[in-house]
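Undergrad: model24.cif is the file, holding mmCIF, C-alpha atoms, pLDDT in the B column; chains and numbers go by the auth columns:
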data_upload
#
loop_
_atom_site.group_PDB
_atom_site.id
_atom_site.type_symbol
_atom_site.label_atom_id
_atom_site.label_comp_id
_atom_site.label_asym_id
_atom_site.label_seq_id
_atom_site.Cartn_x
_atom_site.Cartn_y
_atom_site.Cartn_z
_atom_site.B_iso_or_equiv
_atom_site.auth_seq_id
_atom_site.auth_asym_id
ATOM 1 C CA ALA A 1 -12.992 1.062 -15.502 71.00 30 A
ATOM 2 C CA ILE A 2 -15.482 3.770 -16.394 71.00 31 A
ATOM 3 C CA ALA A 3 -18.326 1.242 -16.551 76.00 32 A
ATOM 4 C CA LEU A 4 -17.499 0.080 -13.040 75.00 33 A
ATOM 5 C CA LYS A 5 -17.438 3.659 -11.795 78.00 34 A
ATOM 6 C CA CYS A 6 -20.811 4.311 -13.438 75.00 35 A
ATOM 7 C CA LEU A 7 -22.322 1.123 -12.024 76.00 36 A
ATOM 8 C CA SER A 8 -21.012 1.789 -8.518 78.00 37 A
ATOM 9 C CA TYR A 9 -22.207 5.403 -8.429 78.00 38 A
ATOM 10 C CA ASN A 10 -24.937 5.738 -5.806 76.00 39 A
ATOM 11 C CA SER A 11 -25.705 2.009 -5.944 78.00 40 A
ATOM 12 C CA PRO A 12 -25.227 0.123 -2.672 80.00 41 A
ATOM 13 C CA GLU A 13 -26.510 -3.029 -4.404 82.00 42 A
ATOM 14 C CA THR A 14 -23.718 -2.933 -6.969 83.00 43 A
ATOM 15 C CA CYS A 15 -21.138 -2.219 -4.266 80.00 44 A
ATOM 16 C CA SER A 16 -22.288 -5.213 -2.238 82.00 45 A
ATOM 17 C CA GLN A 17 -22.071 -7.379 -5.382 85.00 46 A
ATOM 18 C CA VAL A 18 -18.508 -6.154 -5.951 85.00 47 A
ATOM 19 C CA GLY A 19 -17.729 -7.157 -2.371 80.00 48 A
ATOM 20 C CA ARG A 20 -19.417 -10.543 -2.707 82.00 49 A
ATOM 21 C CA LEU A 21 -17.589 -11.316 -5.958 84.00 50 A
ATOM 22 C CA GLN A 22 -14.231 -10.050 -4.640 85.00 51 A
ATOM 23 C CA GLY A 23 -14.131 -7.361 -7.304 87.00 52 A
ATOM 24 C CA ALA A 24 -11.706 -5.180 -5.364 89.00 53 A
ATOM 25 C CA ALA A 25 -8.933 -7.684 -6.105 90.00 54 A
ATOM 26 C CA ALA A 26 -9.721 -7.396 -9.818 90.00 55 A
ATOM 27 C CA MET A 27 -9.666 -3.593 -9.640 91.00 56 A
ATOM 28 C CA LEU A 28 -6.337 -3.601 -7.788 91.00 57 A
ATOM 29 C CA SER A 29 -4.893 -6.042 -10.324 92.00 58 A
ATOM 30 C CA ALA A 30 -6.037 -3.758 -13.150 92.00 59 A
ATOM 31 C CA LEU A 31 -4.471 -0.782 -11.312 93.00 60 A
ATOM 32 C CA ARG A 32 -1.135 -2.576 -11.220 93.00 61 A
ATOM 33 C CA ARG A 33 -1.347 -3.613 -14.871 94.00 62 A
ATOM 34 C CA TYR A 34 -2.610 -0.327 -16.351 93.00 63 A
ATOM 35 C CA SER A 35 -0.908 2.202 -14.075 91.00 64 A
ATOM 36 C CA HIS A 36 0.588 3.895 -17.155 91.00 65 A
ATOM 37 C CA ARG A 37 -2.897 4.907 -18.373 93.00 66 A
ATOM 38 C CA GLU A 38 -4.019 7.865 -16.318 93.00 67 A
ATOM 39 C CA ASP A 39 -7.672 7.698 -17.406 93.00 68 A
ATOM 40 C CA THR A 40 -7.925 4.051 -16.379 93.00 69 A
ATOM 41 C CA VAL A 41 -6.218 4.760 -13.060 94.00 70 A
ATOM 42 C CA ARG A 42 -8.533 7.691 -12.323 94.00 71 A
ATOM 43 C CA GLU A 43 -11.689 5.691 -13.064 92.00 72 A
ATOM 44 C CA LEU A 44 -10.539 2.573 -11.179 93.00 73 A
ATOM 45 C CA LEU A 45 -9.645 4.611 -8.095 93.00 74 A
ATOM 46 C CA GLY A 46 -13.008 6.384 -8.295 91.00 75 A
ATOM 47 C CA ALA A 47 -14.786 3.033 -8.568 90.00 76 A
ATOM 48 C CA LEU A 48 -12.815 1.672 -5.592 92.00 77 A
ATOM 49 C CA ALA A 49 -13.787 4.700 -3.522 89.00 78 A
ATOM 50 C CA ASN A 50 -17.435 4.345 -4.546 89.00 79 A
ATOM 51 C CA CYS A 51 -17.415 0.605 -3.745 89.00 80 A
ATOM 52 C CA ALA A 52 -15.992 1.271 -0.282 86.00 81 A
ATOM 53 C CA GLU A 53 -19.609 1.625 0.864 80.00 82 A
ATOM 54 C CA SER A 54 -19.514 -2.173 1.064 85.00 83 A
ATOM 55 C CA GLU A 55 -17.870 -3.545 4.194 88.00 84 A
ATOM 56 C CA ALA A 56 -16.839 -6.624 2.205 88.00 85 A
ATOM 57 C CA VAL A 57 -14.849 -4.470 -0.223 89.00 86 A
ATOM 58 C CA CYS A 58 -13.087 -2.659 2.620 87.00 87 A
ATOM 59 C CA ALA A 59 -12.313 -5.940 4.377 88.00 88 A
ATOM 60 C CA GLU A 60 -10.961 -7.460 1.152 88.00 89 A
ATOM 61 C CA VAL A 61 -8.684 -4.490 0.519 88.00 90 A
ATOM 62 C CA GLN A 62 -7.486 -4.280 4.122 86.00 91 A
ATOM 63 C CA LYS A 63 -6.763 -8.019 4.132 87.00 92 A
ATOM 64 C CA GLY A 64 -4.201 -7.435 1.383 86.00 93 A
ATOM 65 C CA MET A 65 -2.238 -4.816 3.336 82.00 94 A
ATOM 66 C CA PRO A 66 0.395 -3.482 2.804 85.00 95 A
ATOM 67 C CA GLY A 67 0.348 -4.445 -0.876 87.00 96 A
ATOM 68 C CA THR A 68 -3.028 -2.878 -1.605 89.00 97 A
ATOM 69 C CA ALA A 69 -2.088 0.555 -0.268 90.00 98 A
ATOM 70 C CA ILE A 70 1.268 0.396 -2.047 91.00 99 A
ATOM 71 C CA ALA A 71 -0.521 -0.446 -5.320 93.00 100 A
ATOM 72 C CA ILE A 72 -2.833 2.554 -4.886 94.00 101 A
ATOM 73 C CA HIS A 73 0.127 4.850 -4.107 94.00 102 A
ATOM 74 C CA ALA A 74 2.079 3.542 -7.112 95.00 103 A
ATOM 75 C CA ALA A 75 -0.866 4.024 -9.486 95.00 104 A
ATOM 76 C CA MET A 76 -1.428 7.544 -8.155 95.00 105 A
ATOM 77 C CA GLY A 77 2.264 8.311 -8.605 94.00 106 A
ATOM 78 C CA HIS A 78 2.346 7.095 -12.211 94.00 107 A
ATOM 79 C CA ALA A 79 -0.775 8.983 -13.271 94.00 108 A
ATOM 80 C CA ALA A 80 -0.698 12.206 -11.220 93.00 109 A
ATOM 81 C CA GLY A 81 1.781 14.022 -13.462 91.00 110 A
ATOM 82 C CA ARG A 82 -0.525 13.647 -16.441 91.00 111 A
ATOM 83 C CA ASP A 83 -3.890 13.833 -14.640 92.00 112 A
ATOM 84 C CA PRO A 84 -3.990 15.270 -11.109 93.00 113 A
ATOM 85 C CA ASP A 85 -7.519 13.940 -10.649 93.00 114 A
ATOM 86 C CA ALA A 86 -5.993 10.458 -10.344 94.00 115 A
ATOM 87 C CA LEU A 87 -4.266 11.754 -7.208 94.00 116 A
ATOM 88 C CA ALA A 88 -7.524 13.125 -5.802 93.00 117 A
ATOM 89 C CA GLN A 89 -9.468 9.942 -6.585 93.00 118 A
ATOM 90 C CA GLY A 90 -6.667 7.921 -5.001 93.00 119 A
ATOM 91 C CA CYS A 91 -6.770 9.972 -1.808 93.00 120 A
ATOM 92 C CA ARG A 92 -10.546 9.588 -1.737 91.00 121 A
ATOM 93 C CA ALA A 93 -10.140 5.821 -2.177 91.00 122 A
ATOM 94 C CA LEU A 94 -7.520 5.630 0.583 92.00 123 A
ATOM 95 C CA GLY A 95 -9.780 7.531 2.960 90.00 124 A
ATOM 96 C CA ALA A 96 -12.805 5.381 2.162 88.00 125 A
ATOM 97 C CA LEU A 97 -11.065 1.997 2.128 87.00 126 A
ATOM 98 C CA TYR A 98 -8.809 2.450 5.135 87.00 127 A
ATOM 99 C CA ALA A 99 -11.064 4.546 7.391 83.00 128 A
ATOM 100 C CA THR A 100 -11.105 1.741 9.959 76.00 129 A
ATOM 101 C CA ALA A 101 -7.421 0.786 9.613 76.00 130 A
ATOM 102 C CA SER A 102 -5.197 1.272 12.622 75.00 131 A
ATOM 103 C CA GLY A 103 -1.576 0.932 13.643 77.00 132 A
ATOM 104 C CA SER A 104 0.985 0.143 10.967 76.00 133 A
ATOM 105 C CA ASN A 105 -1.732 -0.431 8.324 72.00 134 A
ATOM 106 C CA ALA A 106 -2.964 3.136 8.768 79.00 135 A
ATOM 107 C CA ASP A 107 0.622 4.425 8.649 80.00 136 A
ATOM 108 C CA ILE A 108 1.169 2.671 5.317 78.00 137 A
ATOM 109 C CA ALA A 109 -2.175 3.732 3.824 80.00 138 A
ATOM 110 C CA PHE A 110 -1.919 7.352 4.942 86.00 139 A
ATOM 111 C CA ASN A 111 1.779 7.828 4.167 89.00 140 A
ATOM 112 C CA PHE A 112 1.603 11.599 3.786 89.00 141 A
ATOM 113 C CA HIS A 113 5.293 11.814 2.885 91.00 142 A
ATOM 114 C CA ARG A 114 4.571 9.641 -0.172 93.00 143 A
ATOM 115 C CA ILE A 115 1.373 11.566 -0.947 93.00 144 A
ATOM 116 C CA THR A 116 3.322 14.854 -0.786 92.00 145 A
ATOM 117 C CA GLN A 117 5.813 13.445 -3.307 93.00 146 A
ATOM 118 C CA ILE A 118 2.904 12.583 -5.599 93.00 147 A
ATOM 119 C CA VAL A 119 1.480 16.101 -5.136 93.00 148 A
ATOM 120 C CA ASP A 120 4.857 17.464 -6.258 92.00 149 A
ATOM 121 C CA ARG A 121 4.732 15.224 -9.323 91.00 150 A
ATOM 122 C CA ALA A 122 1.231 16.496 -10.160 91.00 151 A
ATOM 123 C CA VAL A 123 2.355 20.113 -9.837 89.00 152 A
ATOM 124 C CA GLN A 124 5.396 19.493 -12.030 87.00 153 A
ATOM 125 C CA GLY A 125 3.145 17.935 -14.657 85.00 154 A
ATOM 126 C CA VAL A 126 1.042 21.050 -14.998 76.00 155 A
ATOM 127 C CA ARG A 127 2.290 23.491 -17.581 55.00 156 A
ATOM 128 C CA ALA A 128 2.443 27.133 -16.634 40.00 157 A
ATOM 129 C CA ALA A 129 0.518 27.990 -19.791 38.00 158 A
ATOM 130 C CA ALA A 130 -2.439 25.919 -18.590 50.00 159 A
ATOM 131 C CA LEU A 131 -2.681 27.888 -15.354 50.00 160 A
ATOM 132 C CA ASP A 132 -5.103 30.757 -15.325 50.00 161 A
ATOM 133 C CA GLY A 133 -6.114 33.296 -12.724 50.00 162 A
ATOM 134 C CA THR A 134 -2.616 34.600 -12.153 50.00 163 A
ATOM 135 C CA ALA A 135 -3.751 37.932 -10.730 46.00 164 A
ATOM 136 C CA ASP A 136 -3.458 38.321 -6.991 47.00 165 A
ATOM 137 C CA LEU A 137 -6.049 40.067 -4.819 44.00 166 A
ATOM 138 C CA PHE A 138 -4.541 43.507 -5.345 47.00 167 A
ATOM 139 C CA GLY A 139 -4.468 43.350 -9.131 50.00 168 A
ATOM 140 C CA GLY A 140 -0.768 42.532 -9.430 55.00 169 A
ATOM 141 C CA ARG A 141 0.498 39.496 -11.263 60.00 170 A
ATOM 142 C CA LEU A 142 1.834 36.432 -9.528 63.00 171 A
ATOM 143 C CA ASP A 143 4.879 34.918 -11.091 73.00 172 A
ATOM 144 C CA GLU A 144 4.718 31.352 -12.298 73.00 173 A
ATOM 145 C CA GLU A 145 6.645 29.926 -9.332 78.00 174 A
ATOM 146 C CA GLU A 146 4.410 31.640 -6.736 81.00 175 A
ATOM 147 C CA LEU A 147 1.299 30.386 -8.465 79.00 176 A
ATOM 148 C CA LEU A 148 2.598 26.823 -8.615 81.00 177 A
ATOM 149 C CA MET A 149 3.539 26.921 -4.915 86.00 178 A
ATOM 150 C CA MET A 150 0.114 28.287 -4.006 86.00 179 A
ATOM 151 C CA ARG A 151 -1.607 25.533 -6.013 84.00 180 A
ATOM 152 C CA ARG A 152 0.719 22.936 -4.504 89.00 181 A
ATOM 153 C CA ARG A 153 -0.241 23.967 -0.956 92.00 182 A
ATOM 154 C CA LYS A 154 -3.936 23.877 -1.815 90.00 183 A
ATOM 155 C CA LEU A 155 -3.596 20.489 -3.516 91.00 184 A
ATOM 156 C CA ASP A 156 -1.715 19.093 -0.517 92.00 185 A
ATOM 157 C CA GLU A 157 -4.454 20.350 1.847 92.00 186 A
ATOM 158 C CA LEU A 158 -7.135 18.935 -0.431 91.00 187 A
ATOM 159 C CA CYS A 159 -5.458 15.515 -0.456 92.00 188 A
ATOM 160 C CA GLN A 160 -5.279 15.473 3.326 92.00 189 A
ATOM 161 C CA GLU A 161 -8.972 16.388 3.563 91.00 190 A
ATOM 162 C CA LEU A 162 -9.891 13.666 1.053 90.00 191 A
ATOM 163 C CA CYS A 163 -7.897 11.079 3.012 90.00 192 A
ATOM 164 C CA ALA A 164 -9.608 12.199 6.220 88.00 193 A
ATOM 165 C CA ARG A 165 -13.015 11.952 4.478 86.00 194 A
ATOM 166 C CA GLN A 166 -13.784 15.589 5.226 86.00 195 A
ATOM 167 C CA MET A 167 -15.057 16.111 1.678 82.00 196 A
ATOM 168 C CA ALA A 168 -16.250 14.118 -1.333 79.00 197 A
ATOM 169 C CA ASN A 169 -17.069 11.067 0.742 74.00 198 A
ATOM 170 C CA GLY A 170 -19.734 8.725 -0.528 74.00 199 A
ATOM 171 C CA SER A 171 -20.409 8.173 -4.221 77.00 200 A
ATOM 172 C CA VAL A 172 -18.833 10.692 -6.580 78.00 201 A
ATOM 173 C CA PHE A 173 -19.260 10.527 -10.327 73.00 202 A
ATOM 174 C CA GLY A 174 -17.157 13.309 -11.815 82.00 203 A
ATOM 175 C CA ARG A 175 -13.693 14.777 -11.547 87.00 204 A
ATOM 176 C CA LEU A 176 -12.476 16.232 -8.256 89.00 205 A
ATOM 177 C CA ILE A 177 -9.588 18.272 -9.685 88.00 206 A
ATOM 178 C CA GLU A 178 -9.223 19.844 -13.093 86.00 207 A
ATOM 179 C CA ARG A 179 -6.003 19.445 -15.055 82.00 208 A
ATOM 180 C CA SER A 180 -5.044 22.996 -14.000 79.00 209 A
ATOM 181 C CA LEU A 181 -5.104 21.823 -10.335 82.00 210 A
ATOM 182 C CA LYS A 182 -8.305 23.690 -9.530 81.00 211 A
ATOM 183 C CA PRO A 183 -10.844 21.784 -7.413 83.00 212 A
ATOM 184 C CA THR A 184 -14.203 21.125 -9.041 84.00 213 A
ATOM 185 C CA ALA A 185 -17.641 21.601 -7.519 75.00 214 A
ATOM 186 C CA GLU A 186 -17.516 18.012 -6.171 71.00 215 A
ATOM 187 C CA CYS A 187 -14.806 19.164 -3.748 70.00 216 A
ATOM 188 C CA ALA A 188 -16.540 22.347 -2.711 63.00 217 A
ATOM 189 C CA PRO A 189 -18.137 22.222 0.715 56.00 218 A
ATOM 190 C CA ARG A 190 -21.868 21.903 0.436 54.00 219 A
ATOM 191 C CA VAL A 191 -23.858 24.696 2.015 50.00 220 A
ATOM 192 C CA ARG A 192 -27.444 24.136 3.007 50.00 221 A
ATOM 193 C CA LEU A 193 -29.686 27.138 3.034 53.00 222 A
ATOM 194 C CA ARG A 194 -32.372 27.539 5.632 59.00 223 A
ATOM 195 C CA ARG A 195 -35.867 28.176 4.497 61.00 224 A
ATOM 196 C CA LYS A 196 -37.720 30.940 6.243 56.00 225 A
#
Let me see the file written as structure tokens.

TA:
Amino acid sequence: AIALKCLSYNSPETCSQVGRLQGAAAMLSALRRYSHREDTVRELLGALANCAESEAVCAEVQKGMPGTAIAIHAAMGHAAGRDPDALAQGCRALGALYATASGSNADIAFNFHRITQIVDRAVQGVRAAALDGTADLFGGRLDEEELLMMRRRKLDELCQELCARQMANGSVFGRLIERSLKPTAECAPRVRLRRK
């Protein structure tokens, strides 16, 4: 899984080969088989999102609807409690693979009720001890429940933006979300500075 993600990173040639060889079916099959291994799920979803640069990959995945989207949702659901980055990579893959889907296919792929349930699972999987930055803006302390709710809202917004391809679209190599539910630099909006 990690080799495929490395090979597909910033390589349109590799992505077109994956499309030509119907590699998306193999990745989806591996997702179904190894959904209990969060590292494998995260890397396979990242590779799928990277390979979505190929129209052949997108067409292959969309041809298998609704089963392909359900497989991605199921893998995200199994892994998100142990590694929330699997959720982020899955949302990125959904956005990249189903960007051209319409009608009932889009409703199945972008089932935000299901994604919200997976967000809840990711938040429940995070231990309060792993959360840092519990001070609010005025120097007071946030209680554990407030902090988890705040992170849950941010994670839900992030997932919607990833599905809508508003961030982290194109090839991404690293993690999008740390285990503490904090977004990484890959998810930060890129700011271009003007030269004078």

Undergrad: Run the PyMOL selection byres ((chain A and resi 34-48) around 10) on the file and write out the hits as a ChimeraX atom specification.

TA: /A:30-33,49-56,71-90,199-203

Undergrad: May I ask which of the residues A:Val152, A:Cys216, A:Ile137, A:Ile147 is the closest one to Met179 in chain A, counting only C-alpha atoms?

TA: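 Result for the nearest residue to Met179 in chain A: A:Val152.
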
Undergrad: Residues within 12 Å of Lys211 in chain A, please, as a ChimeraX atom specification. Count only C-alpha atoms; anything in the same chain fewer than 4 positions from it doesn't count.

TA: /A:112-114,117,151-152,155,159-162,176-177,179-184,187,204-207,215-217

Undergrad: Write the residues of the selection above to a file with C-alpha atoms, as a PDB file, keeping the file's coordinate frame.

TA:
ATOM      1  CA  ASP A 112      -3.890  13.833 -14.640  1.00 92.00           C
ATOM      2  CA  PRO A 113      -3.990  15.270 -11.109  1.00 93.00           C
ATOM      3  CA  ASP A 114      -7.519  13.940 -10.649  1.00 93.00           C
ATOM      4  CA  ALA A 117      -7.524  13.125  -5.802  1.00 93.00           C
ATOM      5  CA  ALA A 151       1.231  16.496 -10.160  1.00 91.00           C
ATOM      6  CA  VAL A 152       2.355  20.113  -9.837  1.00 89.00           C
ATOM      7  CA  VAL A 155       1.042  21.050 -14.998  1.00 76.00           C
ATOM      8  CA  ALA A 159      -2.439  25.919 -18.590  1.00 50.00           C
ATOM      9  CA  LEU A 160      -2.681  27.888 -15.354  1.00 50.00           C
ATOM     10  CA  ASP A 161      -5.103  30.757 -15.325  1.00 50.00           C
ATOM     11  CA  GLY A 162      -6.114  33.296 -12.724  1.00 50.00           C
ATOM     12  CA  LEU A 176       1.299  30.386  -8.465  1.00 79.00           C
ATOM     13  CA  LEU A 177       2.598  26.823  -8.615  1.00 81.00           C
ATOM     14  CA  MET A 179       0.114  28.287  -4.006  1.00 86.00           C
ATOM     15  CA  ARG A 180      -1.607  25.533  -6.013  1.00 84.00           C
ATOM     16  CA  ARG A 181       0.719  22.936  -4.504  1.00 89.00           C
ATOM     17  CA  ARG A 182      -0.241  23.967  -0.956  1.00 92.00           C
ATOM     18  CA  LYS A 183      -3.936  23.877  -1.815  1.00 90.00           C
ATOM     19  CA  LEU A 184      -3.596  20.489  -3.516  1.00 91.00           C
ATOM     20  CA  LEU A 187      -7.135  18.935  -0.431  1.00 91.00           C
ATOM     21  CA  ARG A 204     -13.693  14.777 -11.547  1.00 87.00           C
ATOM     22  CA  LEU A 205     -12.476  16.232  -8.256  1.00 89.00           C
ATOM     23  CA  ILE A 206      -9.588  18.272  -9.685  1.00 88.00           C
ATOM     24  CA  GLU A 207      -9.223  19.844 -13.093  1.00 86.00           C
ATOM     25  CA  GLU A 215     -17.516  18.012  -6.171  1.00 71.00           C
ATOM     26  CA  CYS A 216     -14.806  19.164  -3.748  1.00 70.00           C
ATOM     27  CA  ALA A 217     -16.540  22.347  -2.711  1.00 63.00           C
TER      28      ALA A 217
END

Undergrad: Using CA of Gln146 in chain A and CA of Met94 in chain A as the two end points, give the distance in Å to one decimal.

TA: 21.0 Å

Undergrad: Nearest to Ala135 in chain A: which of A:Val70, A:Leu116, A:Ile99, A:Ala214 is it, counting only C-alpha atoms?

TA: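 Ranking A:Val70, A:Leu116, A:Ile99, A:Ala214 by distance to Ala135 in chain A, first place goes to A:Ile99.
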
Undergrad: Give me the residues within 10 Å of Tyr63 in chain A as a list in words, counting all atoms listed in the file and dropping any in the same chain fewer than 5 places off.

TA: Leu57, Ser58, Asp68, Thr69, Val70, Leu73, Ala104, His107 and Ala108 of chain A

Undergrad: Residues picked by the PyMOL selection byres ((chain A and resi 138) around 12) here, as a PDB file with C-alpha atoms, in the frame of the given file?

TA:
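After the write, selection-v4.pdb holds the following:
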ATOM      1  CA  VAL A  90      -8.684  -4.490   0.519  1.00 88.00           C
ATOM      2  CA  GLN A  91      -7.486  -4.280   4.122  1.00 86.00           C
ATOM      3  CA  GLY A  93      -4.201  -7.435   1.383  1.00 86.00           C
ATOM      4  CA  MET A  94      -2.238  -4.816   3.336  1.00 82.00           C
ATOM      5  CA  PRO A  95       0.395  -3.482   2.804  1.00 85.00           C
ATOM      6  CA  GLY A  96       0.348  -4.445  -0.876  1.00 87.00           C
ATOM      7  CA  THR A  97      -3.028  -2.878  -1.605  1.00 89.00           C
ATOM      8  CA  ALA A  98      -2.088   0.555  -0.268  1.00 90.00           C
ATOM      9  CA  ILE A  99       1.268   0.396  -2.047  1.00 91.00           C
ATOM     10  CA  ALA A 100      -0.521  -0.446  -5.320  1.00 93.00           C
ATOM     11  CA  ILE A 101      -2.833   2.554  -4.886  1.00 94.00           C
ATOM     12  CA  HIS A 102       0.127   4.850  -4.107  1.00 94.00           C
ATOM     13  CA  ALA A 103       2.079   3.542  -7.112  1.00 95.00           C
ATOM     14  CA  GLY A 119      -6.667   7.921  -5.001  1.00 93.00           C
ATOM     15  CA  CYS A 120      -6.770   9.972  -1.808  1.00 93.00           C
ATOM     16  CA  ARG A 121     -10.546   9.588  -1.737  1.00 91.00           C
ATOM     17  CA  ALA A 122     -10.140   5.821  -2.177  1.00 91.00           C
ATOM     18  CA  LEU A 123      -7.520   5.630   0.583  1.00 92.00           C
ATOM     19  CA  GLY A 124      -9.780   7.531   2.960  1.00 90.00           C
ATOM     20  CA  ALA A 125     -12.805   5.381   2.162  1.00 88.00           C
ATOM     21  CA  LEU A 126     -11.065   1.997   2.128  1.00 87.00           C
ATOM     22  CA  TYR A 127      -8.809   2.450   5.135  1.00 87.00           C
ATOM     23  CA  ALA A 128     -11.064   4.546   7.391  1.00 83.00           C
ATOM     24  CA  THR A 129     -11.105   1.741   9.959  1.00 76.00           C
ATOM     25  CA  ALA A 130      -7.421   0.786   9.613  1.00 76.00           C
ATOM     26  CA  SER A 131      -5.197   1.272  12.622  1.00 75.00           C
ATOM     27  CA  GLY A 132      -1.576   0.932  13.643  1.00 77.00           C
ATOM     28  CA  SER A 133       0.985   0.143  10.967  1.00 76.00           C
ATOM     29  CA  ASN A 134      -1.732  -0.431   8.324  1.00 72.00           C
ATOM     30  CA  ALA A 135      -2.964   3.136   8.768  1.00 79.00           C
ATOM     31  CA  ASP A 136       0.622   4.425   8.649  1.00 80.00           C
ATOM     32  CA  ILE A 137       1.169   2.671   5.317  1.00 78.00           C
ATOM     33  CA  PHE A 139      -1.919   7.352   4.942  1.00 86.00           C
ATOM     34  CA  ASN A 140       1.779   7.828   4.167  1.00 89.00           C
ATOM     35  CA  PHE A 141       1.603  11.599   3.786  1.00 89.00           C
ATOM     36  CA  HIS A 142       5.293  11.814   2.885  1.00 91.00           C
ATOM     37  CA  ARG A 143       4.571   9.641  -0.172  1.00 93.00           C
ATOM     38  CA  ILE A 144       1.373  11.566  -0.947  1.00 93.00           C
ATOM     39  CA  CYS A 192      -7.897  11.079   3.012  1.00 90.00           C
ATOM     40  CA  ALA A 193      -9.608  12.199   6.220  1.00 88.00           C
TER      41      ALA A 193
END

Undergrad: For a test of reading the model, state the distance in Å between CA of Ala109 in chain A and CA of Lys92 in chain A, rounded to one decimal.

TA: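 The value is 26.1 Å.
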
Undergrad: Separation of CA of Arg66 in chain A and CA of Glu186 in chain A, in Å?

TA: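 Calculated distance between CA of Arg66 in chain A and CA of Glu186 in chain A is 25.5 Å.
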
Undergrad: From the list A:Ser64, A:Gln189, A:Asn198, A:Thr145, which residue is nearest Arg111 in chain A when using all atoms listed in the file?

TA: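 Using all atoms listed in the file, Arg111 in chain A sits closest to A:Ser64.
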
Undergrad: To box range 87-105 of chain A, take all atoms listed in the file, fit an axis-aligned box, add 4 Å on each side, and give centre and edge lengths in Å to one decimal, as lines of an AutoDock Vina configuration file.

TA:
center_x = -5.5
center_y = -0.2
center_z = -2.6
size_x = 23.2
size_y = 23.6
size_z = 21.9

Undergrad: With all atoms listed in the file as the basis for distance, which of A:Leu191, A:Met105, A:Met196, A:Ala115 is at the shortest distance from Arg208 in chain A?

TA: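 Comparing A:Leu191, A:Met105, A:Met196, A:Ala115 against Arg208 in chain A, the winner is A:Ala115.
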